Amino acid sequence: MDIIWAIRELCRGEHGFEDMFDKAKSKGKLAKLTGGDRDAELFEELLYGGARETLVEMINDVYNFKGYAVKAHGLLMKDGLSANDAKRALEIFFIAFGFPGYRTIEASETVTDEHPSYKTVYEGEVKNGKPHGVGVRNFYYEGKWTNLDECVWIDGVMCGYDYAKELEFGAFEDQKIGFVVNDNFVGNTRIIPTGEDEPFYDTFKKFEIK
């Protein structure tokens, strides 16, 4: 299995993303899923090595991910990785969780979920009839568009860098940028209100690891 899809497979379930950071629960699983691919070793170095805390800081302040990436790259090299291997370890994380500039869609399908008063329309990668991979989901309430998310889905649940838009008071369209775990924003989420010169941050419960 490709390393990107192996990571997403590892993150299935309510606590899959958190468990990925737990050495006791997850170490070695990516190697099995990928058939011993070198990328699995590099990614585990990112999860369990000296760059671990910086990666968590990045998740909680994802709008500024490029600055954290520079720091994490240096820490990975301190752990003994070459510059190219350190770059690859970070690239794997960025692709797996849909960071800007790293989003690719292999095949696009549409999944519509209709209810009496609302419906969602998802377009993107799909597995077993559920959003799984990179995609965009629009939400409509009583026939009117209210919000969208451009993110990564894992078995129907959002997990990754989320670029969102939502309609406030039926007139003002806000943009939101943050990291989502199990459909919920974590850490600092950057909000850009329509017509406002200055964005601001909304703080959600931080993503933490033991």
# chains A, B, ... in the order shown; residues from 1 in each chain; ligands from 1
>>> select_by_dssp(residues="range 46-180 of chain A", states="alpha helix (DSSP H)", output="PyMOL selection string")
chain A and resi 46-48+52-60+65-78+83-96
>>> write_last_selection(atoms="N, CA, C and O atoms", output="short mmCIF file (atom, residue, chain, number, x, y, z; two decimals), in the first residue's frame")
data_model
loop_
_atom_site.label_atom_id
_atom_site.label_comp_id
_atom_site.auth_asym_id
_atom_site.auth_seq_id
_atom_site.Cartn_x
_atom_site.Cartn_y
_atom_site.Cartn_z
N LEU A 46 9.56 11.17 12.14
CA LEU A 46 8.84 12.43 12.36
C LEU A 46 7.89 12.30 13.55
O LEU A 46 7.78 13.22 14.38
N LEU A 47 7.20 11.16 13.66
CA LEU A 47 6.21 10.97 14.73
C LEU A 47 6.85 10.78 16.10
O LEU A 47 6.31 11.26 17.10
N TYR A 48 7.97 10.07 16.16
CA TYR A 48 8.50 9.64 17.45
C TYR A 48 9.86 10.24 17.81
O TYR A 48 10.35 10.05 18.92
N ARG A 52 8.93 15.64 17.08
CA ARG A 52 7.58 15.28 17.50
C ARG A 52 6.79 16.46 18.08
O ARG A 52 5.67 16.75 17.67
N GLU A 53 7.36 17.16 19.05
CA GLU A 53 6.65 18.27 19.69
C GLU A 53 6.41 19.42 18.72
O GLU A 53 5.36 20.07 18.77
N THR A 54 7.36 19.66 17.82
CA THR A 54 7.18 20.72 16.82
C THR A 54 6.05 20.36 15.86
O THR A 54 5.28 21.23 15.44
N LEU A 55 5.92 19.09 15.53
CA LEU A 55 4.82 18.65 14.67
C LEU A 55 3.47 18.91 15.35
O LEU A 55 2.52 19.37 14.70
N VAL A 56 3.39 18.65 16.64
CA VAL A 56 2.15 18.90 17.38
C VAL A 56 1.86 20.40 17.43
O VAL A 56 0.71 20.84 17.29
N GLU A 57 2.90 21.22 17.63
CA GLU A 57 2.73 22.68 17.61
C GLU A 57 2.20 23.13 16.26
O GLU A 57 1.34 24.02 16.17
N MET A 58 2.69 22.52 15.19
CA MET A 58 2.23 22.85 13.85
C MET A 58 0.74 22.54 13.69
O MET A 58 -0.02 23.34 13.12
N ILE A 59 0.32 21.40 14.19
CA ILE A 59 -1.09 21.00 14.10
C ILE A 59 -1.97 22.03 14.81
O ILE A 59 -3.06 22.36 14.34
N ASN A 60 -1.50 22.54 15.93
CA ASN A 60 -2.27 23.50 16.72
C ASN A 60 -2.18 24.95 16.22
O ASN A 60 -2.88 25.82 16.71
N PHE A 65 2.19 26.85 9.27
CA PHE A 65 2.90 25.57 9.19
C PHE A 65 4.28 25.66 8.56
O PHE A 65 5.17 24.87 8.88
N LYS A 66 4.50 26.61 7.68
CA LYS A 66 5.79 26.68 7.00
C LYS A 66 6.93 26.98 7.97
O LYS A 66 8.04 26.42 7.85
N GLY A 67 6.68 27.83 8.95
CA GLY A 67 7.71 28.13 9.95
C GLY A 67 8.03 26.91 10.81
O GLY A 67 9.20 26.62 11.09
N TYR A 68 7.00 26.18 11.20
CA TYR A 68 7.21 24.96 11.99
C TYR A 68 7.93 23.90 11.16
O TYR A 68 8.73 23.12 11.68
N ALA A 69 7.65 23.87 9.86
CA ALA A 69 8.29 22.89 8.99
C ALA A 69 9.80 23.11 8.93
O ALA A 69 10.58 22.16 8.93
N VAL A 70 10.22 24.36 8.89
CA VAL A 70 11.66 24.67 8.88
C VAL A 70 12.32 24.16 10.16
O VAL A 70 13.39 23.53 10.13
N LYS A 71 11.66 24.42 11.30
CA LYS A 71 12.20 23.96 12.58
C LYS A 71 12.23 22.43 12.64
O LYS A 71 13.23 21.82 13.07
N ALA A 72 11.15 21.79 12.22
CA ALA A 72 11.08 20.33 12.24
C ALA A 72 12.13 19.71 11.33
O ALA A 72 12.73 18.68 11.66
N HIS A 73 12.38 20.34 10.20
CA HIS A 73 13.39 19.84 9.26
C HIS A 73 14.76 19.79 9.94
O HIS A 73 15.50 18.80 9.83
N GLY A 74 15.10 20.87 10.64
CA GLY A 74 16.38 20.91 11.35
C GLY A 74 16.47 19.85 12.44
O GLY A 74 17.51 19.22 12.62
N LEU A 75 15.38 19.63 13.15
CA LEU A 75 15.37 18.62 14.22
C LEU A 75 15.48 17.21 13.66
O LEU A 75 16.13 16.34 14.26
N LEU A 76 14.87 16.96 12.50
CA LEU A 76 15.00 15.65 11.86
C LEU A 76 16.44 15.39 11.44
O LEU A 76 16.94 14.26 11.55
N MET A 77 17.11 16.43 10.98
CA MET A 77 18.52 16.28 10.60
C MET A 77 19.38 16.03 11.84
O MET A 77 20.35 15.26 11.79
N LYS A 78 19.03 16.63 12.97
CA LYS A 78 19.74 16.35 14.23
C LYS A 78 19.57 14.89 14.63
O LYS A 78 20.44 14.30 15.28
N ALA A 83 19.21 15.83 4.57
CA ALA A 83 18.31 16.95 4.25
C ALA A 83 17.15 16.46 3.38
O ALA A 83 15.99 16.85 3.59
N ASN A 84 17.43 15.59 2.41
CA ASN A 84 16.38 15.09 1.52
C ASN A 84 15.41 14.18 2.25
O ASN A 84 14.20 14.23 2.02
N ASP A 85 15.92 13.34 3.14
CA ASP A 85 15.05 12.44 3.89
C ASP A 85 14.16 13.22 4.86
O ASP A 85 12.98 12.89 5.06
N ALA A 86 14.73 14.26 5.48
CA ALA A 86 13.94 15.10 6.38
C ALA A 86 12.83 15.81 5.62
O ALA A 86 11.68 15.90 6.08
N LYS A 87 13.17 16.28 4.44
CA LYS A 87 12.17 16.94 3.58
C LYS A 87 11.07 15.96 3.19
O LYS A 87 9.88 16.30 3.20
N ARG A 88 11.46 14.73 2.87
CA ARG A 88 10.48 13.72 2.47
C ARG A 88 9.55 13.35 3.62
O ARG A 88 8.34 13.18 3.43
N ALA A 89 10.08 13.24 4.84
CA ALA A 89 9.26 12.91 6.00
C ALA A 89 8.15 13.94 6.19
O ALA A 89 6.99 13.60 6.44
N LEU A 90 8.49 15.22 6.05
CA LEU A 90 7.51 16.29 6.19
C LEU A 90 6.53 16.29 5.01
O LEU A 90 5.33 16.49 5.19
N GLU A 91 7.05 16.04 3.83
CA GLU A 91 6.20 16.00 2.64
C GLU A 91 5.12 14.93 2.77
O GLU A 91 3.96 15.14 2.40
N ILE A 92 5.48 13.79 3.32
CA ILE A 92 4.51 12.71 3.52
C ILE A 92 3.37 13.18 4.40
O ILE A 92 2.19 12.94 4.11
N PHE A 93 3.70 13.87 5.50
CA PHE A 93 2.67 14.39 6.40
C PHE A 93 1.78 15.39 5.69
O PHE A 93 0.54 15.34 5.80
N PHE A 94 2.39 16.30 4.93
CA PHE A 94 1.63 17.34 4.24
C PHE A 94 0.69 16.75 3.19
O PHE A 94 -0.44 17.21 3.03
N ILE A 95 1.14 15.73 2.47
CA ILE A 95 0.28 15.11 1.46
C ILE A 95 -0.85 14.33 2.13
O ILE A 95 -2.01 14.45 1.74
N ALA A 96 -0.50 13.56 3.14
CA ALA A 96 -1.50 12.70 3.79
C ALA A 96 -2.65 13.50 4.38
O ALA A 96 -3.80 13.05 4.37
#
>>> residues_around(residues="Asp113 in chain A", least_positions_apart="2", cutoff="12 Å", atoms="only C-alpha atoms", output="JSON list (two decimals) with N, CA and C atoms, in the first residue's frame")
[["chain", "number", "residue", "atom", "x", "y", "z"],
["A", 110, "THR", "N", -18.88, 11.77, -6.54],
["A", 110, "THR", "CA", -19.82, 12.62, -5.79],
["A", 110, "THR", "C", -20.63, 11.75, -4.84],
["A", 111, "VAL", "N", -20.70, 12.21, -3.58],
["A", 111, "VAL", "CA", -21.52, 11.53, -2.57],
["A", 111, "VAL", "C", -22.49, 12.56, -2.01],
["A", 115, "HIS", "N", -31.35, 14.97, 3.70],
["A", 115, "HIS", "CA", -32.24, 14.89, 4.85],
["A", 115, "HIS", "C", -33.40, 15.85, 4.60],
["A", 116, "PRO", "N", -34.45, 15.79, 5.42],
["A", 116, "PRO", "CA", -35.61, 16.66, 5.17],
["A", 116, "PRO", "C", -35.28, 18.15, 5.07],
["A", 117, "SER", "N", -34.40, 18.64, 5.93],
["A", 117, "SER", "CA", -34.12, 20.08, 5.94],
["A", 117, "SER", "C", -32.74, 20.46, 5.41],
["A", 118, "TYR", "N", -31.85, 19.48, 5.24],
["A", 118, "TYR", "CA", -30.51, 19.82, 4.76],
["A", 118, "TYR", "C", -29.94, 18.68, 3.94],
["A", 119, "LYS", "N", -28.88, 19.03, 3.21],
["A", 119, "LYS", "CA", -28.14, 18.00, 2.48],
["A", 119, "LYS", "C", -26.68, 18.40, 2.36],
["A", 120, "THR", "N", -25.83, 17.40, 2.19],
["A", 120, "THR", "CA", -24.42, 17.65, 1.93],
["A", 120, "THR", "C", -24.06, 17.03, 0.59],
["A", 121, "VAL", "N", -23.19, 17.71, -0.15],
["A", 121, "VAL", "CA", -22.72, 17.21, -1.43],
["A", 121, "VAL", "C", -21.19, 17.21, -1.39],
["A", 122, "TYR", "N", -20.62, 16.03, -1.44],
["A", 122, "TYR", "CA", -19.17, 15.87, -1.39],
["A", 122, "TYR", "C", -18.66, 15.48, -2.77],
["A", 123, "GLU", "N", -17.55, 16.11, -3.17],
["A", 123, "GLU", "CA", -16.89, 15.75, -4.43],
["A", 123, "GLU", "C", -15.42, 15.54, -4.15],
["A", 129, "GLY", "N", -18.12, 3.99, -0.70],
["A", 129, "GLY", "CA", -19.25, 4.89, -0.65],
["A", 129, "GLY", "C", -19.11, 6.06, 0.30],
["A", 130, "LYS", "N", -17.94, 6.20, 0.94],
["A", 130, "LYS", "CA", -17.72, 7.28, 1.88],
["A", 130, "LYS", "C", -16.58, 8.18, 1.41],
["A", 131, "PRO", "N", -16.62, 9.47, 1.77],
["A", 131, "PRO", "CA", -15.46, 10.32, 1.49],
["A", 131, "PRO", "C", -14.21, 9.73, 2.13],
["A", 137, "ARG", "N", -16.68, 19.38, 0.52],
["A", 137, "ARG", "CA", -18.07, 19.09, 0.89],
["A", 137, "ARG", "C", -18.83, 20.40, 1.10],
["A", 138, "ASN", "N", -19.94, 20.54, 0.37],
["A", 138, "ASN", "CA", -20.83, 21.69, 0.53],
["A", 138, "ASN", "C", -22.05, 21.29, 1.34],
["A", 139, "PHE", "N", -22.50, 22.21, 2.19],
["A", 139, "PHE", "CA", -23.65, 21.98, 3.07],
["A", 139, "PHE", "C", -24.76, 22.95, 2.68],
["A", 140, "TYR", "N", -25.98, 22.42, 2.53],
["A", 140, "TYR", "CA", -27.14, 23.25, 2.17],
["A", 140, "TYR", "C", -28.23, 23.07, 3.22],
["A", 156, "GLY", "N", -14.97, 8.81, 5.93],
["A", 156, "GLY", "CA", -16.13, 9.67, 6.11],
["A", 156, "GLY", "C", -15.98, 10.76, 7.16]]
>>> residues_around(residues="range 186-194 of chain A", least_positions_apart="2", cutoff="7 Å", atoms="only C-alpha atoms", output="ChimeraX atom specification")
/A:60-61,63,172-181,184,196,199-207
>>> write_last_selection(atoms="N, CA, C and O atoms", output="short mmCIF file (atom, residue, chain, number, x, y, z; two decimals), in the first residue's frame")
data_model
loop_
_atom_site.label_atom_id
_atom_site.label_comp_id
_atom_site.auth_asym_id
_atom_site.auth_seq_id
_atom_site.Cartn_x
_atom_site.Cartn_y
_atom_site.Cartn_z
N ASN A 60 -1.50 22.54 15.93
CA ASN A 60 -2.27 23.50 16.72
C ASN A 60 -2.18 24.95 16.22
O ASN A 60 -2.88 25.82 16.71
N ASP A 61 -1.32 25.19 15.24
CA ASP A 61 -1.17 26.54 14.68
C ASP A 61 -0.90 26.39 13.19
O ASP A 61 0.07 26.91 12.66
N TYR A 63 -1.98 27.43 10.35
CA TYR A 63 -1.86 28.50 9.36
C TYR A 63 -0.39 28.89 9.17
O TYR A 63 0.02 29.29 8.08
N PHE A 172 -22.81 37.34 5.30
CA PHE A 172 -21.36 37.51 5.39
C PHE A 172 -20.65 36.16 5.32
O PHE A 172 -20.95 35.25 6.09
N GLU A 173 -19.73 36.07 4.39
CA GLU A 173 -19.03 34.80 4.16
C GLU A 173 -17.66 34.84 4.80
O GLU A 173 -16.78 35.60 4.40
N ASP A 174 -17.46 34.03 5.83
CA ASP A 174 -16.18 33.94 6.53
C ASP A 174 -15.34 32.81 5.97
O ASP A 174 -15.86 31.76 5.57
N GLN A 175 -14.03 33.02 5.97
CA GLN A 175 -13.10 31.96 5.64
C GLN A 175 -12.43 31.48 6.93
O GLN A 175 -12.08 32.28 7.79
N LYS A 176 -12.25 30.17 7.06
CA LYS A 176 -11.62 29.60 8.24
C LYS A 176 -10.51 28.65 7.80
O LYS A 176 -10.71 27.84 6.89
N ILE A 177 -9.36 28.76 8.46
CA ILE A 177 -8.23 27.89 8.15
C ILE A 177 -7.73 27.28 9.46
O ILE A 177 -7.38 28.01 10.39
N GLY A 178 -7.72 25.96 9.52
CA GLY A 178 -7.26 25.29 10.73
C GLY A 178 -7.06 23.81 10.48
O GLY A 178 -7.18 23.32 9.35
N PHE A 179 -6.74 23.09 11.54
CA PHE A 179 -6.56 21.64 11.45
C PHE A 179 -7.74 20.97 12.15
O PHE A 179 -8.15 21.38 13.23
N VAL A 180 -8.26 19.94 11.50
CA VAL A 180 -9.43 19.24 12.02
C VAL A 180 -9.05 17.81 12.37
O VAL A 180 -8.36 17.13 11.61
N VAL A 181 -9.48 17.36 13.54
CA VAL A 181 -9.33 15.97 13.96
C VAL A 181 -10.71 15.45 14.33
O VAL A 181 -11.41 16.05 15.16
N ASN A 184 -13.55 17.99 14.16
CA ASN A 184 -13.49 19.14 15.06
C ASN A 184 -12.17 19.90 14.90
O ASN A 184 -11.09 19.29 14.86
N GLU A 196 -13.56 42.59 6.36
CA GLU A 196 -12.68 43.01 7.46
C GLU A 196 -11.23 43.03 6.99
O GLU A 196 -10.79 42.17 6.24
N PRO A 199 -7.68 39.67 10.04
CA PRO A 199 -8.20 38.37 10.47
C PRO A 199 -7.98 38.20 11.97
O PRO A 199 -7.28 38.99 12.61
N PHE A 200 -8.59 37.18 12.54
CA PHE A 200 -8.37 36.90 13.95
C PHE A 200 -8.35 35.39 14.15
O PHE A 200 -8.63 34.62 13.23
N TYR A 201 -7.97 34.98 15.35
CA TYR A 201 -7.90 33.55 15.66
C TYR A 201 -8.99 33.17 16.64
O TYR A 201 -9.28 33.89 17.59
N ASP A 202 -9.59 32.02 16.38
CA ASP A 202 -10.50 31.40 17.33
C ASP A 202 -9.76 30.19 17.91
O ASP A 202 -9.17 29.41 17.17
N THR A 203 -9.75 30.06 19.21
CA THR A 203 -8.99 28.99 19.85
C THR A 203 -9.89 27.85 20.27
O THR A 203 -10.86 28.04 21.00
N PHE A 204 -9.56 26.65 19.79
CA PHE A 204 -10.28 25.44 20.14
C PHE A 204 -9.40 24.58 21.04
O PHE A 204 -8.23 24.88 21.27
N LYS A 205 -9.96 23.50 21.54
CA LYS A 205 -9.18 22.59 22.37
C LYS A 205 -7.95 22.12 21.62
O LYS A 205 -8.02 21.70 20.47
N LYS A 206 -6.80 22.19 22.26
CA LYS A 206 -5.56 21.83 21.61
C LYS A 206 -5.45 20.32 21.41
O LYS A 206 -5.94 19.54 22.23
N PHE A 207 -4.78 19.96 20.33
CA PHE A 207 -4.43 18.57 20.12
C PHE A 207 -3.21 18.28 20.99
O PHE A 207 -2.20 18.99 20.91
#
>>> atom_distance(atom1="CA of Lys32 in chain A", atom2="CA of Met20 in chain A")
14.1 Å
>>> select_by_dssp(residues="chain A", states="strand (DSSP E)", output="PyMOL selection string")
chain A and resi 109-114+118-127+130-141+144-154+157-168+172-181+184-192+200-203
>>> atom_distance(atom1="CA of Asp39 in chain A", atom2="CA of Asp155 in chain A")
22.7 Å
>>> atom_distance(atom1="CA of Gly98 in chain A", atom2="CA of Ser82 in chain A")
24.3 Å
